[in-house]
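K.L.:
One file: entry_18.csv (CSV, C-alpha atoms).
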chain,number,residue,atom,x,y,z
A,28,MET,CA,-12.8,27.9,11.2
A,29,ASN,CA,-10.4,28.0,8.3
A,30,ILE,CA,-7.1,26.0,8.1
A,31,GLY,CA,-5.0,28.9,9.3
A,32,GLU,CA,-7.0,29.2,12.5
A,33,ALA,CA,-7.0,25.4,13.0
A,34,SER,CA,-3.2,25.6,12.5
A,35,ASP,CA,-2.9,28.3,15.2
A,36,ARG,CA,-5.1,26.4,17.6
A,37,SER,CA,-3.5,23.0,17.1
A,38,GLY,CA,0.1,24.1,16.8
A,39,LEU,CA,0.4,22.1,13.5
A,40,PRO,CA,1.5,23.6,10.2
A,41,SER,CA,-1.3,23.8,7.5
A,42,LYS,CA,0.7,21.4,5.3
A,43,THR,CA,0.6,18.8,8.1
A,44,ILE,CA,-3.1,19.3,8.5
A,45,ARG,CA,-3.7,18.9,4.8
A,46,TYR,CA,-1.6,15.7,4.9
A,47,TYR,CA,-3.7,14.3,7.8
A,48,GLU,CA,-6.8,15.0,5.8
A,49,ASP,CA,-5.4,13.4,2.7
A,50,ILE,CA,-4.7,10.2,4.6
A,51,GLY,CA,-8.1,10.2,6.3
A,52,LEU,CA,-7.1,11.0,9.9
A,53,ILE,CA,-9.4,14.0,9.9
A,54,CYS,CA,-12.3,15.0,7.8
A,55,PRO,CA,-13.3,18.6,8.1
A,56,ASP,CA,-16.5,19.8,6.7
A,57,ARG,CA,-16.5,21.8,3.4
A,58,GLY,CA,-18.3,25.1,3.0
A,59,GLY,CA,-20.3,25.9,-0.1
A,60,ASN,CA,-17.3,27.5,-1.5
A,61,GLY,CA,-15.2,24.3,-1.1
A,62,TYR,CA,-13.1,25.6,1.7
A,63,ARG,CA,-12.3,23.5,4.7
A,64,ASP,CA,-14.3,24.3,7.8
A,65,TYR,CA,-12.7,22.9,10.9
A,66,ALA,CA,-14.7,22.4,14.0
A,67,ALA,CA,-13.4,22.4,17.6
A,68,ALA,CA,-13.5,18.5,17.5
A,69,ASP,CA,-11.2,18.6,14.5
A,70,VAL,CA,-8.7,20.8,16.4
A,71,HIS,CA,-8.9,18.4,19.3
A,72,LYS,CA,-8.1,15.5,17.0
A,73,LEU,CA,-5.2,17.5,15.6
A,74,ARG,CA,-3.8,18.2,19.1
A,75,PHE,CA,-4.2,14.5,19.9
A,76,LEU,CA,-2.3,13.6,16.7
A,77,GLN,CA,0.4,16.1,17.5
A,78,ARG,CA,1.0,14.7,21.0
A,79,SER,CA,0.9,11.2,19.7
A,80,ARG,CA,3.5,11.9,17.0
A,81,GLY,CA,5.6,13.7,19.6
A,82,LEU,CA,5.7,10.5,21.6
A,83,GLY,CA,7.0,8.7,18.5
A,84,PHE,CA,3.9,6.9,17.4
A,85,SER,CA,3.8,6.2,13.7
A,86,VAL,CA,1.0,7.5,11.5
A,87,GLU,CA,-0.6,4.1,11.5
A,88,GLU,CA,-0.3,3.8,15.3
A,89,CYS,CA,-1.9,7.3,15.6
A,90,ARG,CA,-4.7,6.0,13.4
A,91,GLN,CA,-5.3,3.1,15.7
A,92,LEU,CA,-5.0,5.3,18.8
A,93,LEU,CA,-7.5,7.8,17.4
A,94,ALA,CA,-9.9,5.0,16.5
A,95,LEU,CA,-9.6,3.7,20.1
A,96,TYR,CA,-10.1,7.2,21.5
A,97,GLU,CA,-13.3,7.6,19.5
A,98,ASP,CA,-14.6,4.1,20.5
A,99,LYS,CA,-16.2,4.6,23.9
A,100,SER,CA,-16.6,0.8,24.3
A,101,ARG,CA,-12.8,0.3,23.8
A,102,ALA,CA,-10.8,-1.8,26.2
A,103,SER,CA,-7.9,0.1,27.8
A,104,ALA,CA,-5.8,-3.1,27.3
A,105,ASP,CA,-5.9,-2.4,23.5
A,106,VAL,CA,-4.5,1.1,24.1
A,107,LYS,CA,-1.9,-0.2,26.5
A,108,GLU,CA,-0.8,-2.8,24.0
A,109,ILE,CA,0.0,-0.2,21.4
A,110,ALA,CA,1.8,2.0,24.0
A,111,GLN,CA,3.8,-1.0,25.3
A,112,GLY,CA,4.8,-1.9,21.8
A,113,LYS,CA,6.1,1.7,21.3
A,114,LEU,CA,7.9,1.5,24.6
A,115,ASN,CA,9.6,-1.8,23.6
A,116,GLU,CA,10.7,-0.2,20.3
A,117,ILE,CA,12.2,2.8,22.1
A,118,ASP,CA,14.0,0.5,24.5
A,119,ARG,CA,15.4,-1.5,21.6
A,120,LYS,CA,16.6,1.7,19.9
A,121,ILE,CA,18.2,2.9,23.1
A,122,ARG,CA,20.1,-0.4,23.3
A,123,GLU,CA,21.3,-0.1,19.7
A,124,LEU,CA,22.4,3.5,20.3
A,125,MET,CA,24.3,2.5,23.4
A,126,GLU,CA,26.1,-0.2,21.5
A,127,LEU,CA,27.0,2.3,18.7
A,128,ARG,CA,28.2,4.7,21.4
A,129,ARG,CA,30.4,2.0,23.0
A,130,THR,CA,31.9,1.1,19.6
A,131,LEU,CA,32.6,4.7,18.6
A,132,GLU,CA,34.0,5.5,22.1
A,133,HIS,CA,36.4,2.6,21.8
A,134,LEU,CA,37.5,3.7,18.4
A,135,VAL,CA,38.0,7.3,19.6
A,136,HIS,CA,40.1,6.1,22.5
A,137,ALA,CA,42.1,3.8,20.2
A,138,CYS,CA,43.0,6.7,17.9
A,139,HIS,CA,46.1,8.7,18.9
A,140,GLY,CA,44.8,11.8,17.2
A,141,ASN,CA,48.3,13.0,16.3
A,142,GLY,CA,50.1,13.9,13.1
A,143,ARG,CA,50.7,10.3,12.1
A,144,PRO,CA,48.6,8.8,9.2
A,145,ASP,CA,47.5,5.6,10.9
A,146,CYS,CA,44.0,5.8,12.3
A,147,PRO,CA,42.1,3.0,13.9
A,148,ILE,CA,38.8,4.8,13.1
A,149,LEU,CA,39.5,4.7,9.4
A,150,GLU,CA,40.8,1.2,9.5
A,151,GLU,CA,37.5,0.0,11.2
A,152,LEU,CA,35.4,1.9,8.6
A,153,SER,CA,37.4,0.5,5.7
A,154,ASP,CA,37.6,-3.2,6.6
A,155,GLY,CA,35.5,-3.8,9.7
A,156,LYS,CA,38.4,-5.0,11.8
A,157,THR,CA,37.7,-3.6,15.2
A,158,VAL,CA,40.8,-2.5,17.1
Let's see the structure in the file written out as C-alpha coordinates.

P.N.:
Amino acid sequence: MNIGEASDRSGLPSKTIRYYEDIGLICPDRGGNGYRDYAAADVHKLRFLQRSRGLGFSVEECRQLLALYEDKSRASADVKEIAQGKLNEIDRKIRELMELRRTLEHLVHACHGNGRPDCPILEELSDGKTV
(Lines of atoms letter the chains of each structure in order from A and count residues from 1; the text may use other names and numbers.)
(Lines give C-alpha, C1' and ligand atoms only; values in the text may rest on other atoms or scores of the structure.)
Protein backbone atom coordinates (compact mmCIF):
# COMPACT_ATOMS: atom_id res chain seq x y z
CA MET A 1 0.00 0.00 0.00
CA ASN A 2 1.13 3.57 -0.52
CA ILE A 3 1.91 6.08 2.20
CA GLY A 4 -1.53 7.68 2.00
CA GLU A 5 -3.25 4.40 2.72
CA ALA A 6 -0.74 3.57 5.47
CA SER A 7 -1.50 6.98 6.94
CA ASP A 8 -5.25 6.32 6.85
CA ARG A 9 -4.89 2.88 8.41
CA SER A 10 -2.42 3.92 11.11
CA GLY A 11 -3.90 7.29 11.96
CA LEU A 12 -0.52 8.99 11.56
CA PRO A 13 0.24 11.82 9.15
CA SER A 14 2.41 10.97 6.15
CA LYS A 15 5.07 13.38 7.42
CA THR A 16 5.35 11.41 10.68
CA ILE A 17 5.57 8.13 8.79
CA ARG A 18 8.39 9.51 6.64
CA TYR A 19 10.16 10.72 9.80
CA TYR A 20 9.86 7.27 11.39
CA GLU A 21 11.36 5.81 8.23
CA ASP A 22 14.18 8.38 8.20
CA ILE A 23 15.19 7.47 11.75
CA GLY A 24 14.91 3.74 11.09
CA LEU A 25 11.84 2.84 13.12
CA ILE A 26 10.15 1.36 10.06
CA CYS A 27 11.59 0.17 6.76
CA PRO A 28 8.91 -0.27 4.10
CA ASP A 29 9.76 -2.03 0.89
CA ARG A 30 10.32 0.05 -2.24
CA GLY A 31 8.64 -0.73 -5.53
CA GLY A 32 10.48 -0.72 -8.83
CA ASN A 33 9.40 2.88 -9.24
CA GLY A 34 11.01 3.83 -5.91
CA TYR A 35 7.73 4.42 -4.12
CA ARG A 36 7.26 3.12 -0.60
CA ASP A 37 5.20 -0.06 -0.36
CA TYR A 38 3.81 -0.53 3.15
CA ALA A 39 2.79 -3.96 4.33
CA ALA A 40 0.23 -4.76 7.03
CA ALA A 41 3.16 -5.36 9.42
CA ASP A 42 4.39 -1.80 8.79
CA VAL A 43 0.96 -0.40 9.62
CA HIS A 44 0.92 -2.51 12.79
CA LYS A 45 4.28 -1.01 13.80
CA LEU A 46 3.00 2.47 13.04
CA ARG A 47 -0.02 1.91 15.30
CA PHE A 48 2.31 0.54 17.97
CA LEU A 49 4.42 3.68 17.69
CA GLN A 50 1.37 5.94 17.77
CA ARG A 51 0.08 4.33 20.97
CA SER A 52 3.55 4.39 22.54
CA ARG A 53 4.05 8.07 21.74
CA GLY A 54 0.55 8.76 23.04
CA LEU A 55 1.62 7.33 26.41
CA GLY A 56 4.54 9.75 26.47
CA PHE A 57 7.37 7.45 25.46
CA SER A 58 10.24 9.20 23.70
CA VAL A 59 11.33 8.14 20.23
CA GLU A 60 14.28 6.26 21.74
CA GLU A 61 12.03 4.53 24.25
CA CYS A 62 9.73 3.60 21.37
CA ARG A 63 12.73 2.17 19.54
CA GLN A 64 13.53 0.02 22.59
CA LEU A 65 9.91 -1.08 23.03
CA LEU A 66 9.58 -1.95 19.36
CA ALA A 67 12.79 -3.99 19.50
CA LEU A 68 11.48 -5.82 22.57
CA TYR A 69 8.12 -6.38 20.88
CA GLU A 70 9.84 -7.96 17.90
CA ASP A 71 12.13 -10.09 20.12
CA LYS A 72 10.06 -13.16 20.99
CA SER A 73 12.70 -14.25 23.52
CA ARG A 74 12.43 -10.98 25.45
CA ALA A 75 11.95 -10.86 29.18
CA SER A 76 8.85 -8.96 30.24
CA ALA A 77 11.00 -7.47 33.01
CA ASP A 78 12.82 -5.47 30.32
CA VAL A 79 9.55 -4.02 29.08
CA LYS A 80 8.36 -3.31 32.61
CA GLU A 81 11.60 -1.48 33.41
CA ILE A 82 11.03 0.95 30.54
CA ALA A 83 7.38 1.46 31.47
CA GLN A 84 8.26 1.92 35.16
CA GLY A 85 10.85 4.53 34.20
CA LYS A 86 8.22 6.43 32.22
CA LEU A 87 5.77 6.18 35.13
CA ASN A 88 8.39 7.56 37.52
CA GLU A 89 9.06 10.44 35.10
CA ILE A 90 5.34 11.24 34.89
CA ASP A 91 5.04 11.18 38.69
CA ARG A 92 8.00 13.57 38.95
CA LYS A 93 6.43 15.94 36.45
CA ILE A 94 3.13 15.83 38.33
CA ARG A 95 4.92 16.76 41.57
CA GLU A 96 6.67 19.65 39.80
CA LEU A 97 3.39 20.87 38.33
CA MET A 98 1.65 20.66 41.70
CA GLU A 99 4.44 22.75 43.25
CA LEU A 100 4.11 25.31 40.45
CA ARG A 101 0.36 25.36 41.01
CA ARG A 102 0.75 25.93 44.76
CA THR A 103 3.18 28.80 44.16
CA LEU A 104 0.99 30.45 41.56
CA GLU A 105 -2.13 29.93 43.66
CA HIS A 106 -0.38 31.63 46.60
CA LEU A 107 0.60 34.57 44.40
CA VAL A 108 -2.89 34.92 42.96
CA HIS A 109 -4.39 34.97 46.46
CA ALA A 110 -1.78 37.51 47.63
CA CYS A 111 -2.66 39.92 44.83
CA HIS A 112 -5.59 42.22 45.59
CA GLY A 113 -6.42 42.58 41.92
CA ASN A 114 -7.63 46.13 42.36
CA GLY A 115 -6.71 49.45 40.79
CA ARG A 116 -3.56 49.93 42.87
CA PRO A 117 -0.20 49.46 41.15
CA ASP A 118 1.44 47.19 43.74
CA CYS A 119 1.24 43.54 42.71
CA PRO A 120 2.84 40.61 44.55
CA ILE A 121 2.83 38.56 41.35
CA LEU A 122 5.02 41.07 39.51
CA GLU A 123 7.23 41.51 42.58
CA GLU A 124 7.86 37.75 42.69
CA LEU A 125 8.61 37.65 38.98
CA SER A 126 11.00 40.59 39.17
CA ASP A 127 13.07 39.73 42.25
CA GLY A 128 12.07 36.26 43.38
CA LYS A 129 10.95 37.35 46.84
CA THR A 130 7.93 35.24 47.55
CA VAL A 131 5.12 36.99 49.38

K.L.:
Between atom CA of Gln91 of chain A and atom CA of Arg36 of chain A, measure the distance and give it in Å to one decimal.

P.N.:
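Between atom CA of Gln91 of chain A and atom CA of Arg36 of chain A the gap works out to 23.4 Å.
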
K.L.:
Enter the distance from atom CA of Ala33 of chain A to atom CA of Asp105 of chain A, in Å, rounded to one decimal.

P.N.:
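For atom CA of Ala33 of chain A relative to atom CA of Asp105 of chain A, the distance reads 29.7 Å.
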
K.L.:
With only C-alpha atoms as the basis for distance, which of A:Asn115, A:Leu124, A:Asp69, A:Gly38 is at the shortest distance from Ile53 of chain A?

P.N.:
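Among the listed residues, the smallest separation from Ile53 of chain A belongs to A:Asp69.
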
K.L.:
Calculated over all atoms listed in the file, which of the candidates A:Ile50, A:Val106, A:Leu73, A:Leu149 has the smallest distance to Val86 of chain A?

P.N.:
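Comparing A:Ile50, A:Val106, A:Leu73, A:Leu149 against Val86 of chain A, the winner is A:Ile50.
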
K.L.:
List as a list in words the protein and nucleic acid residues near Arg63 of chain A, meaning an atom at most 7 Å away when only C-alpha atoms are counted, but skip any in the same chain fewer than 6 places from it.

P.N.:
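Within the cut-off, the hits are Asn29, Ile30, Pro55, Asp56 and Arg57 of chain A.
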
K.L.:
With distances taken over all atoms listed in the file, which of A:Gln111, A:Ser37, A:Thr130, A:Asn141 is nearest to Arg74 of chain A?

P.N.:
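The closest residue to Arg74 of chain A is A:Ser37.
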
K.L.:
Between atom CA of Arg78 of chain A and atom CA of Arg128 of chain A, what is the spacing in Å?

P.N.:
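Atom CA of Arg78 of chain A lies at a distance of 29.0 Å from atom CA of Arg128 of chain A.
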
K.L.:
Would you please work out which residue, of A:Asn60, A:Glu108, A:Leu134, A:Gln77, is nearest to Pro147 of chain A when using all atoms listed in the file?

P.N.:
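Using all atoms listed in the file, Pro147 of chain A sits closest to A:Leu134.
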
K.L.:
Select, from A:Arg143, A:Arg119, A:Lys113, A:Lys107, the residue with the minimum atom-to-atom distance to Phe84 of chain A, counting only C-alpha atoms.

P.N.:
A:Lys113

K.L.:
Which residue is closest to Ile109 of chain A? Choose from A:Glu97, A:Ser153, A:Glu87, A:Gly81 and count all atoms listed in the file.

P.N.:
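Nearest candidate to Ile109 of chain A out of A:Glu97, A:Ser153, A:Glu87, A:Gly81: A:Glu87.
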
K.L.:
Can you put all heavy atoms back into segment 85-96 of chain A and show it as a PDB file, in the coordinates of the input?

P.N.:
ATOM      1  N   SER A  85       3.866   6.117  15.107  1.00  0.00           N
ATOM      2  CA  SER A  85       3.800   6.200  13.700  1.00  0.00           C
ATOM      3  C   SER A  85       2.405   6.734  13.258  1.00  0.00           C
ATOM      4  O   SER A  85       1.475   6.752  14.077  1.00  0.00           O
ATOM      5  CB  SER A  85       4.050   4.882  13.003  1.00  0.00           C
ATOM      6  OG  SER A  85       2.970   4.000  13.280  1.00  0.00           O
ATOM      7  N   VAL A  86       2.259   7.101  12.007  1.00  0.00           N
ATOM      8  CA  VAL A  86       1.000   7.500  11.500  1.00  0.00           C
ATOM      9  C   VAL A  86      -0.076   6.427  11.687  1.00  0.00           C
ATOM     10  O   VAL A  86      -1.203   6.675  12.122  1.00  0.00           O
ATOM     11  CB  VAL A  86       1.046   8.008  10.042  1.00  0.00           C
ATOM     12  CG1 VAL A  86      -0.335   8.230   9.451  1.00  0.00           C
ATOM     13  CG2 VAL A  86       1.893   9.270   9.934  1.00  0.00           C
ATOM     14  N   GLU A  87       0.313   5.197  11.374  1.00  0.00           N
ATOM     15  CA  GLU A  87      -0.600   4.100  11.500  1.00  0.00           C
ATOM     16  C   GLU A  87      -0.993   3.831  12.981  1.00  0.00           C
ATOM     17  O   GLU A  87      -2.139   3.525  13.300  1.00  0.00           O
ATOM     18  CB  GLU A  87      -0.093   2.811  10.863  1.00  0.00           C
ATOM     19  CG  GLU A  87      -0.394   2.711   9.393  1.00  0.00           C
ATOM     20  CD  GLU A  87      -1.847   3.040   9.034  1.00  0.00           C
ATOM     21  OE1 GLU A  87      -2.781   2.426   9.585  1.00  0.00           O
ATOM     22  OE2 GLU A  87      -2.039   3.937   8.191  1.00  0.00           O
ATOM     23  N   GLU A  88      -0.005   3.957  13.862  1.00  0.00           N
ATOM     24  CA  GLU A  88      -0.300   3.800  15.300  1.00  0.00           C
ATOM     25  C   GLU A  88      -1.222   4.933  15.752  1.00  0.00           C
ATOM     26  O   GLU A  88      -2.135   4.698  16.550  1.00  0.00           O
ATOM     27  CB  GLU A  88       0.997   3.801  16.097  1.00  0.00           C
ATOM     28  CG  GLU A  88       1.814   2.543  15.897  1.00  0.00           C
ATOM     29  CD  GLU A  88       3.243   2.664  16.373  1.00  0.00           C
ATOM     30  OE1 GLU A  88       3.792   3.793  16.413  1.00  0.00           O
ATOM     31  OE2 GLU A  88       3.825   1.614  16.704  1.00  0.00           O
ATOM     32  N   CYS A  89      -1.011   6.137  15.235  1.00  0.00           N
ATOM     33  CA  CYS A  89      -1.900   7.300  15.600  1.00  0.00           C
ATOM     34  C   CYS A  89      -3.311   6.985  15.072  1.00  0.00           C
ATOM     35  O   CYS A  89      -4.278   7.298  15.761  1.00  0.00           O
ATOM     36  CB  CYS A  89      -1.374   8.556  14.937  1.00  0.00           C
ATOM     37  SG  CYS A  89       0.087   9.216  15.751  1.00  0.00           S
ATOM     38  N   ARG A  90      -3.412   6.380  13.905  1.00  0.00           N
ATOM     39  CA  ARG A  90      -4.700   6.000  13.400  1.00  0.00           C
ATOM     40  C   ARG A  90      -5.431   5.049  14.332  1.00  0.00           C
ATOM     41  O   ARG A  90      -6.612   5.206  14.650  1.00  0.00           O
ATOM     42  CB  ARG A  90      -4.581   5.406  11.991  1.00  0.00           C
ATOM     43  CG  ARG A  90      -5.892   5.122  11.269  1.00  0.00           C
ATOM     44  CD  ARG A  90      -5.672   4.437   9.926  1.00  0.00           C
ATOM     45  NE  ARG A  90      -4.764   5.127   9.044  1.00  0.00           N
ATOM     46  CZ  ARG A  90      -5.070   6.195   8.285  1.00  0.00           C
ATOM     47  NH1 ARG A  90      -6.283   6.689   8.325  1.00  0.00           N
ATOM     48  NH2 ARG A  90      -4.173   6.747   7.503  1.00  0.00           N
ATOM     49  N   GLN A  91      -4.687   4.063  14.806  1.00  0.00           N
ATOM     50  CA  GLN A  91      -5.300   3.100  15.700  1.00  0.00           C
ATOM     51  C   GLN A  91      -5.640   3.756  17.063  1.00  0.00           C
ATOM     52  O   GLN A  91      -6.716   3.496  17.605  1.00  0.00           O
ATOM     53  CB  GLN A  91      -4.250   1.968  16.023  1.00  0.00           C
ATOM     54  CG  GLN A  91      -3.959   1.094  14.835  1.00  0.00           C
ATOM     55  CD  GLN A  91      -2.783   0.151  15.089  1.00  0.00           C
ATOM     56  OE1 GLN A  91      -2.026   0.310  16.032  1.00  0.00           O
ATOM     57  NE2 GLN A  91      -2.644  -0.842  14.218  1.00  0.00           N
ATOM     58  N   LEU A  92      -4.761   4.604  17.578  1.00  0.00           N
ATOM     59  CA  LEU A  92      -5.000   5.300  18.800  1.00  0.00           C
ATOM     60  C   LEU A  92      -6.252   6.207  18.721  1.00  0.00           C
ATOM     61  O   LEU A  92      -7.092   6.268  19.622  1.00  0.00           O
ATOM     62  CB  LEU A  92      -3.821   6.073  19.309  1.00  0.00           C
ATOM     63  CG  LEU A  92      -2.651   5.244  19.812  1.00  0.00           C
ATOM     64  CD1 LEU A  92      -1.409   6.104  19.976  1.00  0.00           C
ATOM     65  CD2 LEU A  92      -3.011   4.546  21.117  1.00  0.00           C
ATOM     66  N   LEU A  93      -6.331   6.909  17.618  1.00  0.00           N
ATOM     67  CA  LEU A  93      -7.500   7.800  17.400  1.00  0.00           C
ATOM     68  C   LEU A  93      -8.770   7.010  17.306  1.00  0.00           C
ATOM     69  O   LEU A  93      -9.787   7.408  17.882  1.00  0.00           O
ATOM     70  CB  LEU A  93      -7.241   8.632  16.126  1.00  0.00           C
ATOM     71  CG  LEU A  93      -8.167   9.805  15.880  1.00  0.00           C
ATOM     72  CD1 LEU A  93      -8.160  10.783  17.050  1.00  0.00           C
ATOM     73  CD2 LEU A  93      -7.757  10.532  14.607  1.00  0.00           C
ATOM     74  N   ALA A  94      -8.732   5.877  16.619  1.00  0.00           N
ATOM     75  CA  ALA A  94      -9.900   5.000  16.500  1.00  0.00           C
ATOM     76  C   ALA A  94     -10.326   4.515  17.918  1.00  0.00           C
ATOM     77  O   ALA A  94     -11.515   4.492  18.260  1.00  0.00           O
ATOM     78  CB  ALA A  94      -9.677   3.853  15.586  1.00  0.00           C
ATOM     79  N   LEU A  95      -9.350   4.141  18.716  1.00  0.00           N
ATOM     80  CA  LEU A  95      -9.600   3.700  20.100  1.00  0.00           C
ATOM     81  C   LEU A  95     -10.176   4.828  20.929  1.00  0.00           C
ATOM     82  O   LEU A  95     -11.089   4.636  21.738  1.00  0.00           O
ATOM     83  CB  LEU A  95      -8.397   3.073  20.714  1.00  0.00           C
ATOM     84  CG  LEU A  95      -8.001   1.708  20.166  1.00  0.00           C
ATOM     85  CD1 LEU A  95      -6.586   1.334  20.615  1.00  0.00           C
ATOM     86  CD2 LEU A  95      -9.001   0.646  20.592  1.00  0.00           C
ATOM     87  N   TYR A  96      -9.619   6.007  20.759  1.00  0.00           N
ATOM     88  CA  TYR A  96     -10.100   7.200  21.500  1.00  0.00           C
ATOM     89  C   TYR A  96     -11.560   7.462  21.201  1.00  0.00           C
ATOM     90  O   TYR A  96     -12.341   7.776  22.103  1.00  0.00           O
ATOM     91  CB  TYR A  96      -9.226   8.398  21.156  1.00  0.00           C
ATOM     92  CG  TYR A  96      -9.718   9.670  21.790  1.00  0.00           C
ATOM     93  CD1 TYR A  96      -9.533   9.906  23.146  1.00  0.00           C
ATOM     94  CD2 TYR A  96     -10.382  10.626  21.036  1.00  0.00           C
ATOM     95  CE1 TYR A  96      -9.995  11.065  23.743  1.00  0.00           C
ATOM     96  CE2 TYR A  96     -10.846  11.796  21.616  1.00  0.00           C
ATOM     97  CZ  TYR A  96     -10.654  12.011  22.965  1.00  0.00           C
ATOM     98  OH  TYR A  96     -11.118  13.167  23.550  1.00  0.00           O
TER      99      TYR A  96
END
